[in-house]
Each structure stands twice: as C-alpha cells, then as structure tokens.
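Have a look at structure_14.txt; it's compact mmCIF, N, CA and C atoms:
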```
# COMPACT_ATOMS: atom_id res chain seq x y z
N MET A 1 7.57 9.69 2.29
CA MET A 1 7.17 9.10 1.01
C MET A 1 6.68 10.18 0.05
N ARG A 2 6.06 11.22 0.61
CA ARG A 2 5.51 12.27 -0.25
C ARG A 2 6.57 12.89 -1.14
N GLN A 3 7.78 13.11 -0.57
CA GLN A 3 8.82 13.79 -1.35
C GLN A 3 9.27 12.97 -2.55
N ASP A 4 9.00 11.67 -2.53
CA ASP A 4 9.40 10.81 -3.65
C ASP A 4 8.21 10.39 -4.51
N SER A 5 7.10 11.10 -4.39
CA SER A 5 5.90 10.68 -5.13
C SER A 5 6.15 10.66 -6.64
N ASP A 6 6.95 11.60 -7.15
CA ASP A 6 7.24 11.62 -8.60
C ASP A 6 8.02 10.39 -9.02
N LYS A 7 8.87 9.89 -8.13
CA LYS A 7 9.66 8.70 -8.47
C LYS A 7 8.75 7.47 -8.57
N PHE A 8 7.76 7.38 -7.69
CA PHE A 8 6.82 6.26 -7.78
C PHE A 8 5.99 6.37 -9.07
N LEU A 9 5.61 7.59 -9.39
CA LEU A 9 4.86 7.82 -10.64
C LEU A 9 5.71 7.40 -11.83
N ALA A 10 6.99 7.74 -11.80
CA ALA A 10 7.89 7.40 -12.90
C ALA A 10 8.04 5.89 -13.05
N GLU A 11 7.84 5.17 -11.98
CA GLU A 11 7.90 3.70 -12.07
C GLU A 11 6.52 3.10 -12.35
N ASP A 12 5.61 3.96 -12.84
CA ASP A 12 4.29 3.49 -13.26
C ASP A 12 3.55 2.82 -12.09
N THR A 13 3.63 3.47 -10.95
CA THR A 13 3.11 2.87 -9.72
C THR A 13 2.12 3.81 -9.03
N VAL A 14 1.00 3.25 -8.66
CA VAL A 14 0.03 4.01 -7.89
C VAL A 14 0.20 3.63 -6.41
N VAL A 15 0.12 4.62 -5.55
CA VAL A 15 0.32 4.37 -4.12
C VAL A 15 -1.04 4.46 -3.41
N LEU A 16 -1.40 3.36 -2.76
CA LEU A 16 -2.63 3.32 -1.96
C LEU A 16 -2.24 3.32 -0.48
N VAL A 17 -2.77 4.26 0.25
CA VAL A 17 -2.47 4.31 1.69
C VAL A 17 -3.71 3.87 2.44
N LEU A 18 -3.57 2.79 3.19
CA LEU A 18 -4.70 2.24 3.95
C LEU A 18 -4.46 2.43 5.44
N GLY A 19 -5.53 2.69 6.14
CA GLY A 19 -5.38 2.85 7.58
C GLY A 19 -6.70 2.60 8.29
N PRO A 20 -6.63 2.46 9.60
CA PRO A 20 -7.82 2.08 10.37
C PRO A 20 -8.78 3.23 10.67
N GLU A 21 -8.39 4.46 10.30
CA GLU A 21 -9.27 5.59 10.63
C GLU A 21 -10.46 5.67 9.67
N ASP A 22 -11.41 6.53 10.01
CA ASP A 22 -12.56 6.72 9.14
C ASP A 22 -12.27 7.79 8.08
N ALA A 23 -13.24 7.97 7.18
CA ALA A 23 -13.05 8.89 6.05
C ALA A 23 -12.79 10.32 6.53
N GLU A 24 -13.43 10.71 7.61
CA GLU A 24 -13.26 12.08 8.11
C GLU A 24 -11.81 12.33 8.54
N ALA A 25 -11.25 11.36 9.24
CA ALA A 25 -9.86 11.50 9.69
C ALA A 25 -8.91 11.53 8.49
N PHE A 26 -9.19 10.68 7.49
CA PHE A 26 -8.37 10.68 6.28
C PHE A 26 -8.45 12.02 5.58
N THR A 27 -9.65 12.55 5.46
CA THR A 27 -9.84 13.83 4.77
C THR A 27 -9.02 14.92 5.45
N LYS A 28 -9.10 14.97 6.77
CA LYS A 28 -8.35 15.99 7.51
C LYS A 28 -6.85 15.83 7.30
N TYR A 29 -6.41 14.60 7.35
CA TYR A 29 -4.97 14.33 7.22
C TYR A 29 -4.48 14.69 5.82
N TRP A 30 -5.28 14.34 4.82
CA TRP A 30 -4.89 14.64 3.42
C TRP A 30 -4.89 16.14 3.17
N GLN A 31 -5.88 16.83 3.73
CA GLN A 31 -5.93 18.28 3.55
C GLN A 31 -4.73 18.94 4.22
N LYS A 32 -4.37 18.44 5.37
CA LYS A 32 -3.27 19.04 6.13
C LYS A 32 -1.94 18.81 5.42
N HIS A 33 -1.76 17.61 4.86
CA HIS A 33 -0.45 17.26 4.30
C HIS A 33 -0.41 17.27 2.77
N ASP A 34 -1.54 17.54 2.14
CA ASP A 34 -1.61 17.66 0.68
C ASP A 34 -0.94 16.45 0.01
N LEU A 35 -1.44 15.27 0.31
CA LEU A 35 -0.80 14.05 -0.17
C LEU A 35 -1.27 13.67 -1.57
N PRO A 36 -0.34 13.27 -2.44
CA PRO A 36 -0.71 12.90 -3.81
C PRO A 36 -1.06 11.43 -3.96
N PHE A 37 -1.44 10.77 -2.89
CA PHE A 37 -1.72 9.34 -2.93
C PHE A 37 -3.22 9.09 -2.74
N ILE A 38 -3.64 7.87 -3.04
CA ILE A 38 -5.04 7.50 -2.82
C ILE A 38 -5.18 7.02 -1.38
N GLY A 39 -6.03 7.67 -0.64
CA GLY A 39 -6.23 7.32 0.77
C GLY A 39 -7.46 6.44 0.94
N LEU A 40 -7.28 5.29 1.53
CA LEU A 40 -8.38 4.33 1.68
C LEU A 40 -8.66 4.04 3.16
N PRO A 41 -9.66 4.69 3.71
CA PRO A 41 -10.02 4.38 5.10
C PRO A 41 -10.54 2.96 5.19
N ASP A 42 -10.12 2.26 6.21
CA ASP A 42 -10.58 0.88 6.42
C ASP A 42 -10.97 0.71 7.89
N PRO A 43 -12.02 1.46 8.29
CA PRO A 43 -12.37 1.44 9.72
C PRO A 43 -12.86 0.08 10.21
N LYS A 44 -13.33 -0.78 9.27
CA LYS A 44 -13.75 -2.13 9.68
C LYS A 44 -12.59 -3.11 9.61
N HIS A 45 -11.44 -2.64 9.18
CA HIS A 45 -10.19 -3.43 9.17
C HIS A 45 -10.27 -4.63 8.24
N THR A 46 -11.16 -4.61 7.27
CA THR A 46 -11.31 -5.79 6.42
C THR A 46 -10.06 -6.04 5.58
N VAL A 47 -9.55 -5.01 4.94
CA VAL A 47 -8.37 -5.20 4.08
C VAL A 47 -7.11 -5.29 4.94
N LEU A 48 -7.08 -4.56 6.02
CA LEU A 48 -5.93 -4.64 6.93
C LEU A 48 -5.75 -6.08 7.43
N LYS A 49 -6.89 -6.75 7.70
CA LYS A 49 -6.82 -8.15 8.14
C LYS A 49 -6.49 -9.07 6.97
N LEU A 50 -7.14 -8.81 5.82
CA LEU A 50 -6.92 -9.64 4.63
C LEU A 50 -5.44 -9.69 4.27
N TYR A 51 -4.77 -8.56 4.46
CA TYR A 51 -3.35 -8.48 4.11
C TYR A 51 -2.43 -8.73 5.30
N GLY A 52 -3.02 -9.03 6.43
CA GLY A 52 -2.22 -9.50 7.56
C GLY A 52 -1.42 -8.44 8.28
N GLN A 53 -1.94 -7.19 8.29
CA GLN A 53 -1.22 -6.18 9.07
C GLN A 53 -1.24 -6.60 10.53
N GLN A 54 -0.07 -6.61 11.13
CA GLN A 54 0.05 -7.12 12.49
C GLN A 54 -0.28 -6.08 13.54
N ILE A 55 -0.82 -6.58 14.64
CA ILE A 55 -1.09 -5.72 15.78
C ILE A 55 -0.32 -6.26 16.97
N LYS A 56 0.51 -5.42 17.57
CA LYS A 56 1.28 -5.85 18.74
C LYS A 56 0.91 -4.95 19.92
N ILE A 57 0.19 -5.55 20.82
CA ILE A 57 -0.35 -4.78 21.94
C ILE A 57 0.76 -4.10 22.74
N PHE A 58 1.88 -4.80 22.88
CA PHE A 58 2.93 -4.24 23.73
C PHE A 58 3.87 -3.32 22.95
N LYS A 59 3.59 -3.14 21.66
CA LYS A 59 4.38 -2.18 20.87
C LYS A 59 3.47 -1.10 20.31
N PHE A 60 2.48 -0.74 21.08
CA PHE A 60 1.61 0.39 20.77
C PHE A 60 0.79 0.17 19.52
N GLY A 61 0.35 -1.09 19.28
CA GLY A 61 -0.67 -1.29 18.28
C GLY A 61 -0.21 -1.78 16.94
N ARG A 62 -0.79 -1.19 15.93
CA ARG A 62 -0.66 -1.65 14.55
C ARG A 62 0.75 -1.44 14.02
N MET A 63 1.29 -2.45 13.39
CA MET A 63 2.64 -2.35 12.81
C MET A 63 2.53 -1.90 11.36
N PRO A 64 3.48 -1.14 10.87
CA PRO A 64 3.43 -0.73 9.47
C PRO A 64 3.68 -1.93 8.56
N ALA A 65 3.14 -1.86 7.36
CA ALA A 65 3.39 -2.92 6.37
C ALA A 65 3.32 -2.31 4.97
N GLN A 66 4.08 -2.89 4.07
CA GLN A 66 4.09 -2.46 2.68
C GLN A 66 3.97 -3.69 1.78
N VAL A 67 3.12 -3.59 0.78
CA VAL A 67 2.94 -4.69 -0.17
C VAL A 67 2.99 -4.08 -1.57
N THR A 68 3.79 -4.69 -2.44
CA THR A 68 3.87 -4.22 -3.81
C THR A 68 3.32 -5.29 -4.75
N VAL A 69 2.46 -4.85 -5.66
CA VAL A 69 1.78 -5.75 -6.59
C VAL A 69 2.13 -5.29 -8.01
N ASP A 70 2.51 -6.23 -8.86
CA ASP A 70 2.86 -5.83 -10.23
C ASP A 70 1.61 -5.71 -11.10
N LYS A 71 1.84 -5.38 -12.36
CA LYS A 71 0.69 -5.10 -13.24
C LYS A 71 -0.14 -6.35 -13.53
N GLN A 72 0.44 -7.51 -13.30
CA GLN A 72 -0.32 -8.75 -13.48
C GLN A 72 -1.13 -9.10 -12.23
N GLY A 73 -1.01 -8.28 -11.20
CA GLY A 73 -1.78 -8.53 -9.99
C GLY A 73 -1.11 -9.50 -9.04
N VAL A 74 0.21 -9.68 -9.21
CA VAL A 74 0.95 -10.64 -8.38
C VAL A 74 1.75 -9.90 -7.31
N VAL A 75 1.72 -10.44 -6.11
CA VAL A 75 2.48 -9.85 -5.00
C VAL A 75 3.98 -10.05 -5.26
N ARG A 76 4.73 -8.97 -5.30
CA ARG A 76 6.16 -9.09 -5.62
C ARG A 76 7.06 -8.65 -4.48
N TYR A 77 6.50 -8.00 -3.50
CA TYR A 77 7.32 -7.53 -2.37
C TYR A 77 6.40 -7.35 -1.18
N VAL A 78 6.83 -7.86 -0.04
CA VAL A 78 6.04 -7.71 1.19
C VAL A 78 6.99 -7.36 2.32
N HIS A 79 6.62 -6.39 3.09
CA HIS A 79 7.41 -6.09 4.30
C HIS A 79 6.43 -5.87 5.45
N TYR A 80 6.53 -6.73 6.45
CA TYR A 80 5.74 -6.54 7.67
C TYR A 80 6.66 -5.99 8.74
N GLY A 81 6.35 -4.80 9.20
CA GLY A 81 7.20 -4.18 10.22
C GLY A 81 7.11 -4.91 11.54
N HIS A 82 8.26 -5.05 12.20
CA HIS A 82 8.29 -5.68 13.52
C HIS A 82 8.14 -4.66 14.65
N ASN A 83 8.33 -3.40 14.29
CA ASN A 83 8.06 -2.33 15.26
C ASN A 83 7.66 -1.09 14.47
N ALA A 84 7.31 -0.05 15.19
CA ALA A 84 6.74 1.14 14.54
C ALA A 84 7.71 1.79 13.55
N ALA A 85 9.00 1.63 13.79
CA ALA A 85 10.00 2.28 12.94
C ALA A 85 10.52 1.36 11.85
N ASP A 86 10.02 0.15 11.81
CA ASP A 86 10.51 -0.84 10.85
C ASP A 86 9.81 -0.65 9.50
N ILE A 87 10.28 0.35 8.77
CA ILE A 87 9.68 0.73 7.50
C ILE A 87 10.79 0.77 6.46
N PRO A 88 10.64 0.08 5.33
CA PRO A 88 11.70 0.13 4.31
C PRO A 88 11.84 1.54 3.75
N THR A 89 13.02 1.86 3.27
CA THR A 89 13.21 3.19 2.67
C THR A 89 12.48 3.24 1.33
N ASN A 90 12.18 4.45 0.90
CA ASN A 90 11.56 4.60 -0.42
C ASN A 90 12.47 4.01 -1.49
N GLU A 91 13.77 4.21 -1.32
CA GLU A 91 14.72 3.73 -2.33
C GLU A 91 14.67 2.21 -2.43
N GLU A 92 14.50 1.55 -1.31
CA GLU A 92 14.40 0.09 -1.34
C GLU A 92 13.18 -0.37 -2.15
N ILE A 93 12.07 0.28 -1.91
CA ILE A 93 10.85 -0.09 -2.65
C ILE A 93 10.97 0.31 -4.13
N LEU A 94 11.54 1.48 -4.38
CA LEU A 94 11.71 1.91 -5.78
C LEU A 94 12.63 0.95 -6.54
N SER A 95 13.62 0.44 -5.84
CA SER A 95 14.54 -0.50 -6.47
C SER A 95 13.80 -1.77 -6.89
N VAL A 96 12.89 -2.23 -6.04
CA VAL A 96 12.08 -3.41 -6.38
C VAL A 96 11.20 -3.10 -7.60
N LEU A 97 10.60 -1.93 -7.60
CA LEU A 97 9.73 -1.55 -8.72
C LEU A 97 10.52 -1.47 -10.02
N ARG A 98 11.72 -0.90 -9.95
CA ARG A 98 12.56 -0.81 -11.15
C ARG A 98 12.86 -2.20 -11.69
N GLN A 99 13.16 -3.10 -10.74
CA GLN A 99 13.48 -4.47 -11.17
C GLN A 99 12.33 -5.11 -11.92
N PHE A 100 11.13 -5.02 -11.38
CA PHE A 100 10.08 -5.72 -12.11
C PHE A 100 9.57 -4.95 -13.31
N ASN A 101 9.79 -3.65 -13.36
CA ASN A 101 9.51 -2.94 -14.62
C ASN A 101 10.50 -3.37 -15.70
N GLN A 102 11.77 -3.55 -15.31
CA GLN A 102 12.77 -4.00 -16.28
C GLN A 102 12.46 -5.40 -16.78
N GLN A 103 12.06 -6.28 -15.83
CA GLN A 103 11.72 -7.65 -16.23
C GLN A 103 10.54 -7.65 -17.20
N GLU A 104 9.57 -6.79 -16.91
CA GLU A 104 8.38 -6.74 -17.76
C GLU A 104 8.73 -6.26 -19.17
N ASN A 105 9.68 -5.33 -19.23
CA ASN A 105 10.01 -4.73 -20.53
C ASN A 105 11.10 -5.48 -21.28
N SER A 106 11.72 -6.48 -20.63
CA SER A 106 12.80 -7.18 -21.32
C SER A 106 12.22 -8.28 -22.22
N PRO A 107 12.80 -8.46 -23.41
CA PRO A 107 12.30 -9.52 -24.29
C PRO A 107 12.64 -10.90 -23.74
N ASP A 108 11.75 -11.85 -23.88
CA ASP A 108 12.00 -13.21 -23.41
C ASP A 108 12.85 -14.00 -24.38
N MET B 1 -3.83 -14.48 12.19
CA MET B 1 -3.81 -13.36 11.24
C MET B 1 -3.20 -13.83 9.92
N SER B 2 -3.94 -13.68 8.83
CA SER B 2 -3.42 -14.10 7.54
C SER B 2 -2.36 -13.13 7.06
N SER B 3 -1.61 -13.57 6.07
CA SER B 3 -0.67 -12.66 5.44
C SER B 3 -0.60 -13.05 3.97
N VAL B 4 -0.08 -12.16 3.16
CA VAL B 4 -0.02 -12.46 1.74
C VAL B 4 1.33 -13.11 1.42
N ALA B 5 1.31 -13.91 0.37
CA ALA B 5 2.52 -14.64 0.00
C ALA B 5 3.12 -14.05 -1.28
N LEU B 6 4.44 -14.07 -1.32
CA LEU B 6 5.16 -13.58 -2.49
C LEU B 6 4.83 -14.43 -3.71
N ASN B 7 4.80 -13.77 -4.85
CA ASN B 7 4.60 -14.43 -6.14
C ASN B 7 3.26 -15.15 -6.27
N GLN B 8 2.31 -14.73 -5.46
CA GLN B 8 0.94 -15.23 -5.55
C GLN B 8 0.02 -14.06 -5.91
N PRO B 9 -1.12 -14.36 -6.53
CA PRO B 9 -2.04 -13.26 -6.85
C PRO B 9 -2.44 -12.50 -5.58
N ALA B 10 -2.44 -11.19 -5.70
CA ALA B 10 -2.82 -10.36 -4.55
C ALA B 10 -4.33 -10.47 -4.35
N PRO B 11 -4.78 -10.68 -3.13
CA PRO B 11 -6.23 -10.73 -2.88
C PRO B 11 -6.89 -9.43 -3.30
N ASP B 12 -7.94 -9.55 -4.10
CA ASP B 12 -8.62 -8.33 -4.53
C ASP B 12 -9.48 -7.79 -3.39
N PHE B 13 -9.73 -6.51 -3.44
CA PHE B 13 -10.59 -5.89 -2.43
C PHE B 13 -11.19 -4.63 -3.04
N SER B 14 -12.20 -4.14 -2.40
CA SER B 14 -12.70 -2.81 -2.76
C SER B 14 -12.95 -2.03 -1.49
N LEU B 15 -12.58 -0.78 -1.55
CA LEU B 15 -12.82 0.15 -0.44
C LEU B 15 -13.19 1.50 -1.04
N GLU B 16 -13.95 2.27 -0.30
CA GLU B 16 -14.20 3.65 -0.74
C GLU B 16 -13.06 4.53 -0.28
N ASP B 17 -12.59 5.38 -1.20
CA ASP B 17 -11.59 6.35 -0.74
C ASP B 17 -12.31 7.41 0.09
N PHE B 18 -11.55 8.36 0.62
CA PHE B 18 -12.20 9.29 1.56
C PHE B 18 -13.10 10.30 0.85
N ASN B 19 -13.11 10.26 -0.51
CA ASN B 19 -14.04 11.09 -1.27
C ASN B 19 -15.28 10.30 -1.69
N GLY B 20 -15.35 9.04 -1.28
CA GLY B 20 -16.52 8.23 -1.59
C GLY B 20 -16.41 7.46 -2.88
N GLN B 21 -15.29 7.52 -3.57
CA GLN B 21 -15.08 6.78 -4.81
C GLN B 21 -14.64 5.35 -4.48
N THR B 22 -15.30 4.36 -5.08
CA THR B 22 -14.91 2.98 -4.82
C THR B 22 -13.65 2.62 -5.60
N VAL B 23 -12.69 2.07 -4.91
CA VAL B 23 -11.43 1.66 -5.51
C VAL B 23 -11.30 0.15 -5.34
N HIS B 24 -11.12 -0.55 -6.46
CA HIS B 24 -10.83 -1.99 -6.42
C HIS B 24 -9.35 -2.15 -6.73
N LEU B 25 -8.71 -3.08 -6.08
CA LEU B 25 -7.31 -3.34 -6.44
C LEU B 25 -7.22 -3.73 -7.92
N SER B 26 -8.22 -4.50 -8.37
CA SER B 26 -8.20 -4.98 -9.76
C SER B 26 -8.35 -3.85 -10.78
N ASP B 27 -8.73 -2.65 -10.33
CA ASP B 27 -8.81 -1.50 -11.26
C ASP B 27 -7.46 -1.25 -11.92
N PHE B 28 -6.40 -1.63 -11.24
CA PHE B 28 -5.05 -1.27 -11.72
C PHE B 28 -4.39 -2.39 -12.50
N LYS B 29 -5.07 -3.55 -12.57
CA LYS B 29 -4.46 -4.70 -13.25
C LYS B 29 -4.20 -4.37 -14.72
N ASN B 30 -3.05 -4.77 -15.18
CA ASN B 30 -2.57 -4.52 -16.56
C ASN B 30 -2.35 -3.04 -16.85
N GLN B 31 -2.42 -2.21 -15.82
CA GLN B 31 -2.22 -0.78 -16.04
C GLN B 31 -1.10 -0.19 -15.19
N LYS B 32 -1.11 -0.49 -13.92
CA LYS B 32 -0.15 0.12 -12.99
C LYS B 32 0.36 -0.92 -12.00
N ASN B 33 1.58 -0.71 -11.55
CA ASN B 33 2.01 -1.39 -10.33
C ASN B 33 1.30 -0.71 -9.16
N VAL B 34 1.17 -1.43 -8.08
CA VAL B 34 0.50 -0.86 -6.91
C VAL B 34 1.39 -1.04 -5.68
N LEU B 35 1.61 0.04 -5.00
CA LEU B 35 2.26 -0.02 -3.68
C LEU B 35 1.19 0.24 -2.63
N MET B 36 0.94 -0.75 -1.78
CA MET B 36 0.00 -0.56 -0.68
C MET B 36 0.78 -0.26 0.60
N VAL B 37 0.44 0.83 1.20
CA VAL B 37 1.09 1.22 2.45
C VAL B 37 0.06 1.10 3.57
N PHE B 38 0.33 0.23 4.50
CA PHE B 38 -0.58 0.03 5.63
C PHE B 38 -0.06 0.86 6.79
N ASN B 39 -0.81 1.89 7.07
CA ASN B 39 -0.39 2.82 8.13
C ASN B 39 -0.66 2.26 9.51
N ARG B 40 0.07 2.78 10.45
CA ARG B 40 -0.22 2.45 11.85
C ARG B 40 -1.44 3.21 12.33
N GLY B 41 -1.72 4.32 11.68
CA GLY B 41 -2.73 5.25 12.17
C GLY B 41 -2.09 6.62 12.21
N PHE B 42 -2.86 7.64 12.04
CA PHE B 42 -2.30 8.99 11.93
C PHE B 42 -2.03 9.62 13.27
N PHE B 43 -2.68 9.09 14.32
CA PHE B 43 -2.63 9.83 15.59
C PHE B 43 -1.90 9.05 16.67
```
The structure in this file should be written as structure tokens.
Amino acid sequence: MRQDSDKFLAEDTVVLVLGPEDAEAFTKYWQKHDLPFIGLPDPKHTVLKLYGQQIKIFKFGRMPAQVTVDKQGVVRYVHYGHNAADIPTNEEILSVLRQFNQQENSPD
Amino acid sequence: MSSVALNQPAPDFSLEDFNGQTVHLSDFKNQKNVLMVFNRGFF
C-alpha cells in the first residue's frame, strides 16, 4: 500500500491503519518502514470490535479488513478478509474511491 | 461480532495515534475520504 500512497492522496483520501498492538510497537514499525499513513494503535480492540474485524482461531487470528468512508461519513466499501491473504488490491480500492469522487463532483 | 453496513453512517470513534495525538473519524467529515485498514498485527 505504501507504494501507492500518492494515489490515495490524489483521491483526496486519508489512510488510517489500525491494529491491536500498542503505541510502542506502532512507533517501531512506522520508523522501520517510514509509512506515510496515520497509525492508530487499538490495544483494547475497541474500534476493531466496533468495525467487526473478525478473529479466526484456526486461521492464525485476526483477519484483515478494509472500510472506506466518503466525505459525508457514509460507509461506501467494506471488505472483510476470510483469510490472511484475502486483501483487495490497491487498484480495487482506488477504483471505488474514484467512483465516489466522480459522483460527488458530478452535477445532479 | 458487529460489522458495519454499506451506505450507512460510519460509527465514529476516537483513538490516539502512536504520537499521542487524538484522532476522531469525524475529523475528516466534509474534508477527506477515509480508508481504514485493519491490520492483522505486525508480528
């Protein structure tokens, strides 16, 4: 995702990365990978639960998930991974963002 | 386990980023689209 960070920026989109680790682990990871995204530690899992990130004990834990929200605060795209590798491509998400940016900018 | 529904308002939340800055989802309303990526964990 990092390599396409400019494309997300071009679609007027901020990327929030949430995970179950604490702030220290996030800091280390961000320093190591120099990520241009907002990292939100959620060690109490409050938002992870609120958004329904799934946990599958027999598939090594937490499943990836992506949620896209438009400027009106409405959920426009949701993907809950069924396994660790079940992650949509950046292009798939960018395509969704382009669509709702176009809808927003089109005259009614 | 709850999940969010398409075309419904996204549940607002606030969390501190790893620098201690509080981030609300609503901070971005009327300004930016938001992509939330829920990681499995880094390790």
Practice prompt. Write down as number ranges by chain the residues of range 5-40 of chain B whose backbone DSSP state falls under strand (DSSP E).
Written response: B: 14-16, 22-24, 33-38
Using only C-alpha atoms, what does the table of chain B residues within 6 Å of chain A look like, with each row giving the shortest atom pair and its distance in Å to one decimal, sorted by chain and ascending number, as CSV?
```
residue,atom,partner,partner_atom,distance
B:Met1,CA,A:Gly52,CA,5.6
B:Ser2,CA,A:Gly52,CA,4.8
B:Ser3,CA,A:Gly52,CA,4.1
B:Val4,CA,A:Tyr51,CA,5.7
B:Leu6,CA,A:Val75,CA,5.2
B:Asn7,CA,A:Val75,CA,5.2
B:Gln8,CA,A:Val74,CA,5.4
B:Pro9,CA,A:Val74,CA,4.3
B:Ala10,CA,A:Val75,CA,5.3
B:Asp17,CA,A:Leu40,CA,4.5
B:Phe18,CA,A:Ala23,CA,4.6
B:Lys29,CA,A:Lys71,CA,5.2
B:Asn30,CA,A:Lys71,CA,4.7
B:Gln31,CA,A:Lys71,CA,5.9
B:Lys32,CA,A:Lys71,CA,5.3
B:Asn33,CA,A:Thr13,CA,4.4
B:Val34,CA,A:Val14,CA,5.0
B:Leu35,CA,A:Thr68,CA,4.5
B:Met36,CA,A:Leu16,CA,4.9
B:Val37,CA,A:Gln66,CA,4.8
B:Phe38,CA,A:Leu18,CA,5.0
B:Asn39,CA,A:Gly19,CA,5.0
B:Arg40,CA,A:Arg62,CA,4.9
B:Gly41,CA,A:Gly19,CA,5.8
```
Can I get the selection written as a tab-separated table (two decimals), keeping the file's coordinate frame, with N, CA and C atoms?
```
chain	number	residue	atom	x	y	z
B	1	MET	N	-3.83	-14.48	12.19
B	1	MET	CA	-3.81	-13.36	11.24
B	1	MET	C	-3.20	-13.83	9.92
B	2	SER	N	-3.94	-13.68	8.83
B	2	SER	CA	-3.42	-14.10	7.54
B	2	SER	C	-2.36	-13.13	7.06
B	3	SER	N	-1.61	-13.57	6.07
B	3	SER	CA	-0.67	-12.66	5.44
B	3	SER	C	-0.60	-13.05	3.97
B	4	VAL	N	-0.08	-12.16	3.16
B	4	VAL	CA	-0.02	-12.46	1.74
B	4	VAL	C	1.33	-13.11	1.42
B	6	LEU	N	4.44	-14.07	-1.32
B	6	LEU	CA	5.16	-13.58	-2.49
B	6	LEU	C	4.83	-14.43	-3.71
B	7	ASN	N	4.80	-13.77	-4.85
B	7	ASN	CA	4.60	-14.43	-6.14
B	7	ASN	C	3.26	-15.15	-6.27
B	8	GLN	N	2.31	-14.73	-5.46
B	8	GLN	CA	0.94	-15.23	-5.55
B	8	GLN	C	0.02	-14.06	-5.91
B	9	PRO	N	-1.12	-14.36	-6.53
B	9	PRO	CA	-2.04	-13.26	-6.85
B	9	PRO	C	-2.44	-12.50	-5.58
B	10	ALA	N	-2.44	-11.19	-5.70
B	10	ALA	CA	-2.82	-10.36	-4.55
B	10	ALA	C	-4.33	-10.47	-4.35
B	17	ASP	N	-12.59	5.38	-1.20
B	17	ASP	CA	-11.59	6.35	-0.74
B	17	ASP	C	-12.31	7.41	0.09
B	18	PHE	N	-11.55	8.36	0.62
B	18	PHE	CA	-12.20	9.29	1.56
B	18	PHE	C	-13.10	10.30	0.85
B	29	LYS	N	-5.07	-3.55	-12.57
B	29	LYS	CA	-4.46	-4.70	-13.25
B	29	LYS	C	-4.20	-4.37	-14.72
B	30	ASN	N	-3.05	-4.77	-15.18
B	30	ASN	CA	-2.57	-4.52	-16.56
B	30	ASN	C	-2.35	-3.04	-16.85
B	31	GLN	N	-2.42	-2.21	-15.82
B	31	GLN	CA	-2.22	-0.78	-16.04
B	31	GLN	C	-1.10	-0.19	-15.19
B	32	LYS	N	-1.11	-0.49	-13.92
B	32	LYS	CA	-0.15	0.12	-12.99
B	32	LYS	C	0.36	-0.92	-12.00
B	33	ASN	N	1.58	-0.71	-11.55
B	33	ASN	CA	2.01	-1.39	-10.33
B	33	ASN	C	1.30	-0.71	-9.16
B	34	VAL	N	1.17	-1.43	-8.08
B	34	VAL	CA	0.50	-0.86	-6.91
B	34	VAL	C	1.39	-1.04	-5.68
B	35	LEU	N	1.61	0.04	-5.00
B	35	LEU	CA	2.26	-0.02	-3.68
B	35	LEU	C	1.19	0.24	-2.63
B	36	MET	N	0.94	-0.75	-1.78
B	36	MET	CA	0.00	-0.56	-0.68
B	36	MET	C	0.78	-0.26	0.60
B	37	VAL	N	0.44	0.83	1.20
B	37	VAL	CA	1.09	1.22	2.45
B	37	VAL	C	0.06	1.10	3.57
B	38	PHE	N	0.33	0.23	4.50
B	38	PHE	CA	-0.58	0.03	5.63
B	38	PHE	C	-0.06	0.86	6.79
B	39	ASN	N	-0.81	1.89	7.07
B	39	ASN	CA	-0.39	2.82	8.13
B	39	ASN	C	-0.66	2.26	9.51
B	40	ARG	N	0.07	2.78	10.45
B	40	ARG	CA	-0.22	2.45	11.85
B	40	ARG	C	-1.44	3.21	12.33
B	41	GLY	N	-1.72	4.32	11.68
B	41	GLY	CA	-2.73	5.25	12.17
B	41	GLY	C	-2.09	6.62	12.21
```
Worksheet item: If you run DSSP on the backbone, which residues of chain B are helix (DSSP H, G or I), as a PyMOL selection string?
Response: chain B and resi 25-28
Item to complete: Enter the distance from atom N of Phe13 in chain B to atom C of Phe37 in chain A, in Å, rounded to one decimal.
Response: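 Going from atom N of Phe13 in chain B over to atom C of Phe37 in chain A, I get 16.9 Å.
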Worksheet entry | CA of Ala10 in chain A to CA of Val96 in chain A, straight-line distance in Å |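 About the pair CA of Val96 in chain A and CA of Ala10 in chain A: they are 13.3 Å apart.
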Would you compute an axis-aligned box for range 8-27 of chain B, covering every atom listed for it in the file with 6 Å of margin on each side, and report centre and edge lengths in Å to one decimal as AutoDock Vina command-line options?
```
--center_x -7.1 --center_y -2.1 --center_z -5.2 --size_x 30.8 --size_y 38.3 --size_z 25.5
```
Worksheet, complete the sentence: The residue from A:His45, A:His82, A:Asp34, A:Ser95 with the smallest atom-to-atom distance to Arg2 in chain A, counting all atoms listed in the file, is A:Asp34
Worksheet item: Which neighbours of Leu25 in chain B fall inside 7 Å, counting all atoms listed in the file, when residues of the same chain fewer than 6 positions from it are skipped, and could you give them as a PyMOL selection string?
Response: chain B and resi 11-15
Item to complete: Figure out the distance between atom C of Pro88 in chain A and CA of Thr22 in chain B, please, to one decimal in Å.
Response: 28.1 Å
